[in-house]
$ cat upload29.txt   # compact mmCIF, N, CA and C atoms
# COMPACT_ATOMS: atom_id res chain seq x y z
N MET A 1 83.07 195.45 249.93
CA MET A 1 82.14 195.74 250.99
C MET A 1 80.86 196.33 250.40
N ILE A 2 79.73 195.84 250.86
CA ILE A 2 78.45 196.38 250.41
C ILE A 2 78.25 197.75 251.03
N LYS A 3 78.01 198.75 250.18
CA LYS A 3 77.85 200.13 250.64
C LYS A 3 76.39 200.55 250.53
N GLU A 4 76.03 201.56 251.30
CA GLU A 4 74.69 202.14 251.20
C GLU A 4 74.58 202.95 249.92
N ILE A 5 73.38 202.97 249.34
CA ILE A 5 73.13 203.75 248.14
C ILE A 5 72.90 205.20 248.53
N VAL A 6 73.67 206.11 247.92
CA VAL A 6 73.57 207.54 248.18
C VAL A 6 72.35 208.10 247.45
N LYS A 7 71.57 208.90 248.15
CA LYS A 7 70.38 209.52 247.56
C LYS A 7 70.44 211.05 247.66
N ASP A 8 71.56 211.58 248.11
CA ASP A 8 71.74 213.02 248.28
C ASP A 8 72.02 213.68 246.93
N ASP A 9 71.06 214.45 246.43
CA ASP A 9 71.20 215.09 245.11
C ASP A 9 72.41 216.02 245.04
N PHE A 10 72.74 216.69 246.13
CA PHE A 10 73.90 217.59 246.11
C PHE A 10 75.18 216.80 245.83
N PHE A 11 75.38 215.69 246.54
CA PHE A 11 76.57 214.87 246.32
C PHE A 11 76.56 214.27 244.92
N LEU A 12 75.41 213.75 244.50
CA LEU A 12 75.30 213.10 243.20
C LEU A 12 75.47 214.07 242.03
N SER A 13 75.25 215.35 242.26
CA SER A 13 75.35 216.33 241.17
C SER A 13 76.78 216.86 240.98
N GLN A 14 77.72 216.40 241.78
CA GLN A 14 79.11 216.81 241.62
C GLN A 14 79.79 216.00 240.52
N VAL A 15 80.68 216.64 239.78
CA VAL A 15 81.45 215.94 238.75
C VAL A 15 82.51 215.09 239.44
N ALA A 16 82.60 213.84 239.02
CA ALA A 16 83.55 212.90 239.64
C ALA A 16 84.99 213.26 239.31
N GLU A 17 85.87 213.03 240.26
CA GLU A 17 87.30 213.21 240.05
C GLU A 17 87.86 211.98 239.33
N LYS A 18 88.96 212.17 238.61
CA LYS A 18 89.61 211.05 237.94
C LYS A 18 90.05 210.01 238.96
N ALA A 19 89.90 208.75 238.61
CA ALA A 19 90.36 207.66 239.46
C ALA A 19 91.84 207.39 239.17
N THR A 20 92.52 206.86 240.17
CA THR A 20 93.93 206.47 240.04
C THR A 20 94.06 204.99 240.44
N LYS A 21 95.24 204.45 240.33
CA LYS A 21 95.47 203.06 240.74
C LYS A 21 95.13 202.85 242.22
N GLU A 22 95.27 203.91 243.01
CA GLU A 22 94.95 203.82 244.43
C GLU A 22 93.44 203.66 244.67
N ASP A 23 92.65 203.88 243.64
CA ASP A 23 91.19 203.77 243.77
C ASP A 23 90.65 202.43 243.28
N LEU A 24 91.50 201.47 243.02
CA LEU A 24 91.04 200.17 242.51
C LEU A 24 90.07 199.48 243.47
N TYR A 25 90.18 199.75 244.76
CA TYR A 25 89.29 199.13 245.75
C TYR A 25 87.83 199.54 245.52
N ILE A 26 87.60 200.68 244.87
CA ILE A 26 86.23 201.12 244.61
C ILE A 26 85.52 200.11 243.71
N GLY A 27 86.25 199.53 242.77
CA GLY A 27 85.67 198.51 241.90
C GLY A 27 85.16 197.32 242.70
N THR A 28 85.89 196.91 243.72
CA THR A 28 85.47 195.81 244.58
C THR A 28 84.19 196.17 245.34
N ASP A 29 84.15 197.38 245.89
CA ASP A 29 82.94 197.82 246.60
C ASP A 29 81.74 197.92 245.65
N LEU A 30 81.99 198.38 244.41
CA LEU A 30 80.90 198.43 243.43
C LEU A 30 80.40 197.03 243.10
N LYS A 31 81.31 196.06 242.94
CA LYS A 31 80.91 194.67 242.66
C LYS A 31 80.05 194.12 243.80
N ASP A 32 80.52 194.31 245.03
CA ASP A 32 79.79 193.78 246.18
C ASP A 32 78.41 194.42 246.29
N THR A 33 78.34 195.72 246.06
CA THR A 33 77.07 196.44 246.19
C THR A 33 76.13 196.09 245.05
N LEU A 34 76.64 196.01 243.82
CA LEU A 34 75.79 195.62 242.70
C LEU A 34 75.27 194.20 242.91
N GLN A 35 76.13 193.31 243.36
CA GLN A 35 75.71 191.93 243.62
C GLN A 35 74.53 191.90 244.59
N ALA A 36 74.55 192.76 245.59
CA ALA A 36 73.47 192.82 246.57
C ALA A 36 72.18 193.41 245.99
N HIS A 37 72.28 194.09 244.84
CA HIS A 37 71.12 194.75 244.25
C HIS A 37 70.76 194.22 242.85
N LEU A 38 71.27 193.05 242.49
CA LEU A 38 71.03 192.52 241.15
C LEU A 38 69.56 192.33 240.82
N HIS A 39 68.74 192.19 241.82
CA HIS A 39 67.30 192.01 241.59
C HIS A 39 66.63 193.30 241.12
N GLU A 40 67.36 194.43 241.20
CA GLU A 40 66.75 195.72 240.84
C GLU A 40 67.70 196.66 240.10
N CYS A 41 68.89 196.21 239.75
CA CYS A 41 69.90 197.12 239.21
C CYS A 41 70.86 196.39 238.27
N VAL A 42 71.33 197.10 237.22
CA VAL A 42 72.27 196.51 236.26
C VAL A 42 73.56 197.34 236.11
N GLY A 43 73.67 198.42 236.86
CA GLY A 43 74.87 199.25 236.79
C GLY A 43 74.91 200.25 237.92
N MET A 44 76.13 200.72 238.22
CA MET A 44 76.32 201.73 239.28
C MET A 44 77.52 202.58 238.95
N ALA A 45 77.53 203.76 239.54
CA ALA A 45 78.68 204.65 239.47
C ALA A 45 79.23 204.83 240.88
N GLY A 46 80.49 205.18 240.97
CA GLY A 46 81.14 205.35 242.26
C GLY A 46 80.41 206.29 243.20
N ASN A 47 79.85 207.37 242.65
CA ASN A 47 79.18 208.33 243.54
C ASN A 47 77.89 207.76 244.14
N MET A 48 77.34 206.74 243.54
CA MET A 48 76.14 206.12 244.09
C MET A 48 76.42 205.39 245.40
N ILE A 49 77.70 205.08 245.65
CA ILE A 49 78.05 204.41 246.91
C ILE A 49 79.02 205.26 247.74
N GLY A 50 79.05 206.56 247.45
CA GLY A 50 79.80 207.48 248.31
C GLY A 50 81.19 207.86 247.86
N TYR A 51 81.63 207.42 246.70
CA TYR A 51 82.97 207.78 246.19
C TYR A 51 82.82 208.75 245.03
N ASN A 52 83.37 209.93 245.15
CA ASN A 52 83.29 210.90 244.06
C ASN A 52 84.47 210.68 243.10
N LYS A 53 84.55 209.48 242.58
CA LYS A 53 85.61 209.09 241.65
C LYS A 53 84.98 208.51 240.39
N ALA A 54 85.67 208.65 239.27
CA ALA A 54 85.16 208.20 237.97
C ALA A 54 85.34 206.70 237.80
N VAL A 55 84.43 205.95 238.41
CA VAL A 55 84.43 204.50 238.33
C VAL A 55 82.98 204.04 238.14
N ILE A 56 82.78 203.12 237.20
CA ILE A 56 81.44 202.56 236.99
C ILE A 56 81.53 201.04 236.92
N ILE A 57 80.38 200.42 237.10
CA ILE A 57 80.25 198.98 236.93
C ILE A 57 78.95 198.73 236.18
N PHE A 58 78.94 197.70 235.35
CA PHE A 58 77.71 197.35 234.64
C PHE A 58 77.70 195.85 234.38
N LEU A 59 76.51 195.37 234.17
CA LEU A 59 76.31 193.96 233.89
C LEU A 59 76.16 193.76 232.39
N GLU A 60 76.91 192.82 231.83
CA GLU A 60 76.80 192.47 230.41
C GLU A 60 76.91 190.95 230.33
N ASP A 61 75.89 190.33 229.78
CA ASP A 61 75.86 188.87 229.67
C ASP A 61 76.13 188.20 231.01
N GLU A 62 75.48 188.70 232.05
CA GLU A 62 75.57 188.18 233.40
C GLU A 62 76.96 188.28 234.02
N LYS A 63 77.83 189.11 233.44
CA LYS A 63 79.17 189.33 233.99
C LYS A 63 79.32 190.80 234.34
N MET A 64 79.96 191.07 235.47
CA MET A 64 80.19 192.44 235.90
C MET A 64 81.48 192.97 235.29
N HIS A 65 81.41 194.21 234.80
CA HIS A 65 82.57 194.88 234.23
C HIS A 65 82.78 196.22 234.93
N VAL A 66 84.00 196.47 235.34
CA VAL A 66 84.35 197.74 235.99
C VAL A 66 85.17 198.58 235.03
N MET A 67 84.85 199.87 234.97
CA MET A 67 85.60 200.83 234.15
C MET A 67 86.07 201.98 235.04
N TYR A 68 87.33 202.30 234.91
CA TYR A 68 87.90 203.47 235.59
C TYR A 68 88.08 204.56 234.55
N ASN A 69 87.65 205.76 234.88
CA ASN A 69 87.75 206.93 234.00
C ASN A 69 87.17 206.68 232.61
N PRO A 70 85.95 206.13 232.55
CA PRO A 70 85.35 205.89 231.23
C PRO A 70 85.03 207.20 230.53
N GLU A 71 85.25 207.21 229.24
CA GLU A 71 84.94 208.38 228.42
C GLU A 71 84.35 207.91 227.11
N ILE A 72 83.14 208.37 226.81
CA ILE A 72 82.51 208.02 225.55
C ILE A 72 83.16 208.88 224.47
N ILE A 73 83.86 208.23 223.55
CA ILE A 73 84.63 208.98 222.55
C ILE A 73 83.95 209.01 221.18
N LYS A 74 82.91 208.17 221.01
CA LYS A 74 82.18 208.20 219.74
C LYS A 74 80.78 207.63 219.97
N THR A 75 79.81 208.24 219.31
CA THR A 75 78.44 207.75 219.36
C THR A 75 77.95 207.55 217.93
N SER A 76 77.07 206.57 217.76
CA SER A 76 76.49 206.35 216.44
C SER A 76 75.18 205.60 216.58
N GLY A 77 74.52 205.41 215.46
CA GLY A 77 73.25 204.70 215.47
C GLY A 77 72.12 205.61 215.87
N ASN A 78 70.98 205.01 216.06
CA ASN A 78 69.78 205.76 216.44
C ASN A 78 69.95 206.40 217.80
N TYR A 79 69.36 207.57 217.94
CA TYR A 79 69.29 208.28 219.21
C TYR A 79 67.85 208.11 219.66
N HIS A 80 67.61 207.19 220.58
CA HIS A 80 66.23 206.83 220.92
C HIS A 80 65.86 207.20 222.35
N GLU A 81 64.58 207.34 222.56
CA GLU A 81 64.06 207.68 223.88
C GLU A 81 63.74 206.39 224.63
N CYS A 82 64.07 206.37 225.91
CA CYS A 82 63.77 205.21 226.74
C CYS A 82 63.49 205.65 228.17
N GLU A 83 62.90 204.77 228.94
CA GLU A 83 62.60 205.03 230.34
C GLU A 83 63.68 204.38 231.19
N GLU A 84 64.22 205.15 232.14
CA GLU A 84 65.25 204.62 233.02
C GLU A 84 64.92 204.92 234.47
N GLY A 85 65.31 204.01 235.32
CA GLY A 85 65.21 204.20 236.75
C GLY A 85 66.60 204.20 237.35
N CYS A 86 66.68 204.52 238.63
CA CYS A 86 67.97 204.58 239.30
C CYS A 86 67.76 204.33 240.79
N LEU A 87 68.66 203.58 241.40
CA LEU A 87 68.55 203.32 242.84
C LEU A 87 68.67 204.60 243.66
N SER A 88 69.32 205.62 243.10
CA SER A 88 69.51 206.88 243.83
C SER A 88 68.30 207.80 243.76
N HIS A 89 67.30 207.43 242.97
CA HIS A 89 66.11 208.28 242.80
C HIS A 89 64.85 207.42 242.75
N VAL A 90 63.75 208.03 243.09
CA VAL A 90 62.46 207.34 243.03
C VAL A 90 61.87 207.51 241.64
N GLY A 91 61.28 206.45 241.11
CA GLY A 91 60.58 206.53 239.85
C GLY A 91 61.48 206.39 238.64
N GLN A 92 60.87 206.62 237.46
CA GLN A 92 61.59 206.53 236.19
C GLN A 92 61.44 207.83 235.44
N LYS A 93 62.41 208.07 234.56
CA LYS A 93 62.37 209.27 233.73
C LYS A 93 62.69 208.90 232.29
N SER A 94 62.20 209.71 231.37
CA SER A 94 62.47 209.51 229.95
C SER A 94 63.80 210.19 229.59
N VAL A 95 64.68 209.44 228.93
CA VAL A 95 65.98 209.97 228.50
C VAL A 95 66.24 209.53 227.06
N LYS A 96 67.20 210.18 226.42
CA LYS A 96 67.60 209.79 225.06
C LYS A 96 69.00 209.18 225.12
N ARG A 97 69.17 208.07 224.42
CA ARG A 97 70.44 207.34 224.42
C ARG A 97 70.80 206.94 222.99
N TYR A 98 72.09 206.89 222.73
CA TYR A 98 72.59 206.41 221.44
C TYR A 98 72.59 204.89 221.43
N GLU A 99 72.39 204.30 220.27
CA GLU A 99 72.38 202.85 220.12
C GLU A 99 73.78 202.25 220.27
N THR A 100 74.80 202.96 219.78
CA THR A 100 76.17 202.45 219.79
C THR A 100 77.12 203.52 220.34
N ILE A 101 78.03 203.09 221.21
CA ILE A 101 79.04 204.01 221.76
C ILE A 101 80.41 203.33 221.74
N LYS A 102 81.43 204.14 221.61
CA LYS A 102 82.81 203.68 221.75
C LYS A 102 83.36 204.33 223.01
N VAL A 103 83.94 203.51 223.89
CA VAL A 103 84.37 203.99 225.20
C VAL A 103 85.86 203.75 225.39
N SER A 104 86.53 204.79 225.87
CA SER A 104 87.93 204.69 226.30
C SER A 104 87.89 204.59 227.83
N TYR A 105 88.64 203.66 228.39
CA TYR A 105 88.61 203.47 229.85
C TYR A 105 89.85 202.70 230.30
N PHE A 106 90.00 202.59 231.61
CA PHE A 106 91.02 201.74 232.20
C PHE A 106 90.31 200.55 232.84
N ASP A 107 90.86 199.36 232.63
CA ASP A 107 90.24 198.15 233.18
C ASP A 107 90.67 197.93 234.63
N GLU A 108 90.34 196.78 235.18
CA GLU A 108 90.64 196.50 236.59
C GLU A 108 92.13 196.32 236.88
N SER A 109 92.94 196.20 235.84
CA SER A 109 94.39 196.18 236.00
C SER A 109 94.99 197.55 235.69
N PHE A 110 94.11 198.52 235.48
CA PHE A 110 94.43 199.89 235.11
C PHE A 110 95.20 199.94 233.79
N LYS A 111 94.77 199.06 232.87
CA LYS A 111 95.29 199.07 231.50
C LYS A 111 94.29 199.80 230.63
N LYS A 112 94.78 200.65 229.74
CA LYS A 112 93.92 201.45 228.86
C LYS A 112 93.26 200.54 227.83
N LYS A 113 91.96 200.72 227.63
CA LYS A 113 91.19 199.94 226.67
C LYS A 113 90.27 200.86 225.89
N ILE A 114 89.89 200.41 224.71
CA ILE A 114 88.85 201.08 223.92
C ILE A 114 87.95 199.97 223.39
N LYS A 115 86.65 200.14 223.61
CA LYS A 115 85.72 199.09 223.19
C LYS A 115 84.40 199.72 222.76
N THR A 116 83.73 199.07 221.81
CA THR A 116 82.43 199.52 221.32
C THR A 116 81.33 198.68 221.96
N PHE A 117 80.25 199.34 222.37
CA PHE A 117 79.11 198.69 223.00
C PHE A 117 77.85 199.10 222.26
N THR A 118 76.86 198.20 222.23
CA THR A 118 75.60 198.49 221.56
C THR A 118 74.42 198.11 222.46
N GLY A 119 73.25 198.56 222.04
CA GLY A 119 72.01 198.16 222.68
C GLY A 119 71.91 198.53 224.15
N PHE A 120 71.37 197.59 224.93
CA PHE A 120 71.11 197.84 226.34
C PHE A 120 72.39 198.11 227.12
N THR A 121 73.48 197.42 226.77
CA THR A 121 74.75 197.67 227.46
C THR A 121 75.22 199.10 227.23
N ALA A 122 75.08 199.60 226.00
CA ALA A 122 75.44 200.99 225.71
C ALA A 122 74.58 201.94 226.51
N GLN A 123 73.30 201.60 226.66
CA GLN A 123 72.39 202.44 227.44
C GLN A 123 72.84 202.51 228.90
N ILE A 124 73.19 201.38 229.48
CA ILE A 124 73.63 201.34 230.88
C ILE A 124 74.88 202.20 231.06
N ILE A 125 75.85 202.05 230.17
CA ILE A 125 77.11 202.80 230.28
C ILE A 125 76.84 204.30 230.17
N GLN A 126 75.96 204.70 229.26
CA GLN A 126 75.63 206.12 229.13
C GLN A 126 75.00 206.65 230.42
N HIS A 127 74.13 205.86 231.02
CA HIS A 127 73.49 206.26 232.28
C HIS A 127 74.54 206.46 233.37
N GLU A 128 75.45 205.49 233.49
CA GLU A 128 76.47 205.58 234.54
C GLU A 128 77.47 206.70 234.27
N CYS A 129 77.81 206.93 233.02
CA CYS A 129 78.71 208.05 232.68
C CYS A 129 78.04 209.39 232.98
N ASP A 130 76.71 209.47 232.83
CA ASP A 130 76.00 210.68 233.25
C ASP A 130 76.19 210.93 234.73
N HIS A 131 76.13 209.86 235.54
CA HIS A 131 76.37 210.01 236.97
C HIS A 131 77.73 210.67 237.22
N LEU A 132 78.75 210.24 236.48
CA LEU A 132 80.09 210.79 236.69
C LEU A 132 80.18 212.27 236.34
N LYS A 133 79.28 212.73 235.49
CA LYS A 133 79.24 214.14 235.10
C LYS A 133 78.31 214.95 236.03
N GLY A 134 77.73 214.27 237.01
CA GLY A 134 76.81 214.96 237.91
C GLY A 134 75.43 215.14 237.34
N ILE A 135 75.12 214.43 236.26
CA ILE A 135 73.80 214.52 235.62
C ILE A 135 72.86 213.54 236.30
N LEU A 136 71.77 214.08 236.82
CA LEU A 136 70.76 213.25 237.49
C LEU A 136 69.60 213.03 236.55
N ILE A 137 69.18 211.78 236.40
CA ILE A 137 68.01 211.55 235.54
C ILE A 137 66.74 211.79 236.33
$ encode --input "upload29.txt" --output "structure tokens"
Amino acid sequence: MIKEIVKDDFFLSQVAEKATKEDLYIGTDLKDTLQAHLHECVGMAGNMIGYNKAVIIFLEDEKMHVMYNPEIIKTSGNYHECEEGCLSHVGQKSVKRYETIKVSYFDESFKKKIKTFTGFTAQIIQHECDHLKGILI
């Protein structure tokens, strides 16, 4: 179901609760909502659509990927400054992101995975993981 984008800073600044198998439907809502915003967005976190659960979605090579309880377990490469925007906020802000990250997460079947991401995909995941920590850019 396509959900409204949350813009309430108080809600967005809360730390997300761990997701469980009962929260798998959030991934579907994130897919539907991201699909509706592909012209302006490449990733979302659960709290952006009203769920205070640790779930994110991001676009990589034109494919949507959902992560439950993502945790960045290693960073490497350059730590560079970039400009980012967000559907939950007006305008863009300067942030620093690592070039390469290793992420532990549960996939859409709630199977544990560990994968390394680089470049723009790593940047998107870092942005969405910040949302789960209540960090607003």
$ atom_distance --input "upload29.txt" --atom1 "CA of Lys63 (chain A)" --atom2 "CA of Lys102 (chain A)"
19.2 Å
$ atom_distance --input "upload29.txt" --atom1 "CA of Tyr68 (chain A)" --atom2 "CA of Ala16 (chain A)"
11.1 Å
$ atom_distance --input "upload29.txt" --atom1 "atom N of Ser109 (chain A)" --atom2 "atom C of Val55 (chain A)"
12.9 Å
$ select_by_dssp --input "upload29.txt" --residues "region 15-93 of chain A" --states "alpha helix (DSSP H)" --output "number ranges by chain"
A: 24-36
$ closest_residue --input "upload29.txt" --among "A:Asn47, A:Thr121, A:Ser88, A:Thr75" --to "Thr100 (chain A)" --atoms "all atoms listed in the file"
A:Thr75
$ select_by_dssp --input "upload29.txt" --residues "chain A" --states "strand (DSSP E or B)" --output "MDAnalysis selection string"
chainID A and resid 17 43:45 53 55:60 63:85 92:106 112:118
$ residues_around --input "upload29.txt" --residues "Glu60 (chain A)" --least-positions-apart "2" --cutoff "8 Å" --atoms "only N, CA and C atoms" --output "VMD selection string"
chain A and resid 42 57 to 58 62 to 65 120 to 121
$ closest_residue --input "upload29.txt" --among "A:Leu87, A:Leu30, A:Ile125, A:Val103" --to "Lys74 (chain A)" --atoms "all atoms listed in the file"
A:Val103
$ closest_residue --input "upload29.txt" --among "A:Ala45, A:Ile137, A:Ala19, A:Ile2" --to "Glu84 (chain A)" --atoms "only N, CA and C atoms"
A:Ile137
$ closest_residue --input "upload29.txt" --among "A:Val95, A:Ile124, A:Val66, A:Ala54" --to "Glu17 (chain A)" --atoms "all atoms listed in the file"
A:Ala54
$ residues_around --input "upload29.txt" --residues "Thr20 (chain A)" --least-positions-apart "6" --cutoff "12 Å" --atoms "only C-alpha atoms" --output "PyMOL selection string"
chain A and resi 26-27+53-55+67-69+105-111
$ build_atoms --input "upload29.txt" --residues "region 122-133 of chain A" --atoms "all heavy atoms" --output "PDB file, keeping the file's coordinate frame"
ATOM      1  N   ALA A 122      75.080 199.600 226.000  1.00  0.00           N
ATOM      2  CA  ALA A 122      75.440 200.990 225.710  1.00  0.00           C
ATOM      3  C   ALA A 122      74.580 201.940 226.510  1.00  0.00           C
ATOM      4  O   ALA A 122      75.060 202.971 227.015  1.00  0.00           O
ATOM      5  CB  ALA A 122      75.296 201.269 224.213  1.00  0.00           C
ATOM      6  N   GLN A 123      73.300 201.600 226.660  1.00  0.00           N
ATOM      7  CA  GLN A 123      72.390 202.440 227.440  1.00  0.00           C
ATOM      8  C   GLN A 123      72.840 202.510 228.900  1.00  0.00           C
ATOM      9  O   GLN A 123      72.870 203.590 229.502  1.00  0.00           O
ATOM     10  CB  GLN A 123      70.964 201.887 227.348  1.00  0.00           C
ATOM     11  CG  GLN A 123      69.945 202.698 228.117  1.00  0.00           C
ATOM     12  CD  GLN A 123      68.548 202.089 228.039  1.00  0.00           C
ATOM     13  OE1 GLN A 123      68.245 201.299 227.141  1.00  0.00           O
ATOM     14  NE2 GLN A 123      67.697 202.449 228.977  1.00  0.00           N
ATOM     15  N   ILE A 124      73.190 201.380 229.480  1.00  0.00           N
ATOM     16  CA  ILE A 124      73.630 201.340 230.880  1.00  0.00           C
ATOM     17  C   ILE A 124      74.880 202.200 231.060  1.00  0.00           C
ATOM     18  O   ILE A 124      74.970 203.011 231.990  1.00  0.00           O
ATOM     19  CB  ILE A 124      73.955 199.888 231.329  1.00  0.00           C
ATOM     20  CG1 ILE A 124      72.730 198.996 231.247  1.00  0.00           C
ATOM     21  CG2 ILE A 124      74.513 199.887 232.758  1.00  0.00           C
ATOM     22  CD1 ILE A 124      73.059 197.513 231.346  1.00  0.00           C
ATOM     23  N   ILE A 125      75.850 202.050 230.170  1.00  0.00           N
ATOM     24  CA  ILE A 125      77.110 202.800 230.280  1.00  0.00           C
ATOM     25  C   ILE A 125      76.840 204.300 230.170  1.00  0.00           C
ATOM     26  O   ILE A 125      77.405 205.088 230.941  1.00  0.00           O
ATOM     27  CB  ILE A 125      78.124 202.321 229.228  1.00  0.00           C
ATOM     28  CG1 ILE A 125      78.542 200.878 229.517  1.00  0.00           C
ATOM     29  CG2 ILE A 125      79.348 203.252 229.197  1.00  0.00           C
ATOM     30  CD1 ILE A 125      79.326 200.216 228.401  1.00  0.00           C
ATOM     31  N   GLN A 126      75.960 204.700 229.260  1.00  0.00           N
ATOM     32  CA  GLN A 126      75.630 206.120 229.130  1.00  0.00           C
ATOM     33  C   GLN A 126      75.000 206.650 230.420  1.00  0.00           C
ATOM     34  O   GLN A 126      75.316 207.754 230.867  1.00  0.00           O
ATOM     35  CB  GLN A 126      74.698 206.345 227.935  1.00  0.00           C
ATOM     36  CG  GLN A 126      75.412 206.153 226.600  1.00  0.00           C
ATOM     37  CD  GLN A 126      74.445 206.157 225.445  1.00  0.00           C
ATOM     38  OE1 GLN A 126      74.062 207.224 224.952  1.00  0.00           O
ATOM     39  NE2 GLN A 126      74.040 204.974 224.995  1.00  0.00           N
ATOM     40  N   HIS A 127      74.130 205.860 231.020  1.00  0.00           N
ATOM     41  CA  HIS A 127      73.490 206.260 232.280  1.00  0.00           C
ATOM     42  C   HIS A 127      74.540 206.460 233.370  1.00  0.00           C
ATOM     43  O   HIS A 127      74.555 207.483 234.056  1.00  0.00           O
ATOM     44  CB  HIS A 127      72.475 205.186 232.707  1.00  0.00           C
ATOM     45  CG  HIS A 127      71.819 205.443 234.016  1.00  0.00           C
ATOM     46  ND1 HIS A 127      70.529 205.897 234.123  1.00  0.00           N
ATOM     47  CD2 HIS A 127      72.269 205.308 235.295  1.00  0.00           C
ATOM     48  CE1 HIS A 127      70.212 206.037 235.408  1.00  0.00           C
ATOM     49  NE2 HIS A 127      71.258 205.673 236.134  1.00  0.00           N
ATOM     50  N   GLU A 128      75.450 205.490 233.490  1.00  0.00           N
ATOM     51  CA  GLU A 128      76.470 205.580 234.540  1.00  0.00           C
ATOM     52  C   GLU A 128      77.470 206.700 234.270  1.00  0.00           C
ATOM     53  O   GLU A 128      77.905 207.383 235.204  1.00  0.00           O
ATOM     54  CB  GLU A 128      77.187 204.237 234.723  1.00  0.00           C
ATOM     55  CG  GLU A 128      76.288 203.057 235.038  1.00  0.00           C
ATOM     56  CD  GLU A 128      75.251 203.293 236.147  1.00  0.00           C
ATOM     57  OE1 GLU A 128      75.480 204.147 237.035  1.00  0.00           O
ATOM     58  OE2 GLU A 128      74.205 202.630 236.115  1.00  0.00           O
ATOM     59  N   CYS A 129      77.810 206.930 233.020  1.00  0.00           N
ATOM     60  CA  CYS A 129      78.710 208.050 232.680  1.00  0.00           C
ATOM     61  C   CYS A 129      78.040 209.390 232.980  1.00  0.00           C
ATOM     62  O   CYS A 129      78.720 210.351 233.368  1.00  0.00           O
ATOM     63  CB  CYS A 129      79.154 207.960 231.220  1.00  0.00           C
ATOM     64  SG  CYS A 129      80.415 206.697 230.947  1.00  0.00           S
ATOM     65  N   ASP A 130      76.710 209.470 232.830  1.00  0.00           N
ATOM     66  CA  ASP A 130      76.000 210.680 233.250  1.00  0.00           C
ATOM     67  C   ASP A 130      76.190 210.930 234.730  1.00  0.00           C
ATOM     68  O   ASP A 130      76.402 212.060 235.173  1.00  0.00           O
ATOM     69  CB  ASP A 130      74.497 210.566 232.935  1.00  0.00           C
ATOM     70  CG  ASP A 130      74.155 210.915 231.498  1.00  0.00           C
ATOM     71  OD1 ASP A 130      75.057 211.339 230.727  1.00  0.00           O
ATOM     72  OD2 ASP A 130      72.971 210.762 231.124  1.00  0.00           O
ATOM     73  N   HIS A 131      76.130 209.860 235.540  1.00  0.00           N
ATOM     74  CA  HIS A 131      76.370 210.010 236.970  1.00  0.00           C
ATOM     75  C   HIS A 131      77.730 210.670 237.220  1.00  0.00           C
ATOM     76  O   HIS A 131      77.851 211.549 238.078  1.00  0.00           O
ATOM     77  CB  HIS A 131      76.375 208.644 237.668  1.00  0.00           C
ATOM     78  CG  HIS A 131      75.047 208.199 238.165  1.00  0.00           C
ATOM     79  ND1 HIS A 131      74.403 208.801 239.222  1.00  0.00           N
ATOM     80  CD2 HIS A 131      74.230 207.205 237.762  1.00  0.00           C
ATOM     81  CE1 HIS A 131      73.258 208.187 239.443  1.00  0.00           C
ATOM     82  NE2 HIS A 131      73.119 207.213 238.566  1.00  0.00           N
ATOM     83  N   LEU A 132      78.750 210.240 236.480  1.00  0.00           N
ATOM     84  CA  LEU A 132      80.090 210.790 236.690  1.00  0.00           C
ATOM     85  C   LEU A 132      80.180 212.270 236.340  1.00  0.00           C
ATOM     86  O   LEU A 132      81.030 212.975 236.859  1.00  0.00           O
ATOM     87  CB  LEU A 132      81.112 210.002 235.865  1.00  0.00           C
ATOM     88  CG  LEU A 132      81.192 208.498 236.158  1.00  0.00           C
ATOM     89  CD1 LEU A 132      82.253 207.859 235.277  1.00  0.00           C
ATOM     90  CD2 LEU A 132      81.457 208.229 237.625  1.00  0.00           C
ATOM     91  N   LYS A 133      79.280 212.730 235.490  1.00  0.00           N
ATOM     92  CA  LYS A 133      79.240 214.140 235.100  1.00  0.00           C
ATOM     93  C   LYS A 133      78.310 214.950 236.030  1.00  0.00           C
ATOM     94  O   LYS A 133      78.105 216.137 235.801  1.00  0.00           O
ATOM     95  CB  LYS A 133      78.742 214.285 233.666  1.00  0.00           C
ATOM     96  CG  LYS A 133      79.641 213.653 232.636  1.00  0.00           C
ATOM     97  CD  LYS A 133      78.989 213.735 231.263  1.00  0.00           C
ATOM     98  CE  LYS A 133      79.669 212.842 230.268  1.00  0.00           C
ATOM     99  NZ  LYS A 133      78.882 212.680 229.059  1.00  0.00           N
TER     100      LYS A 133
END
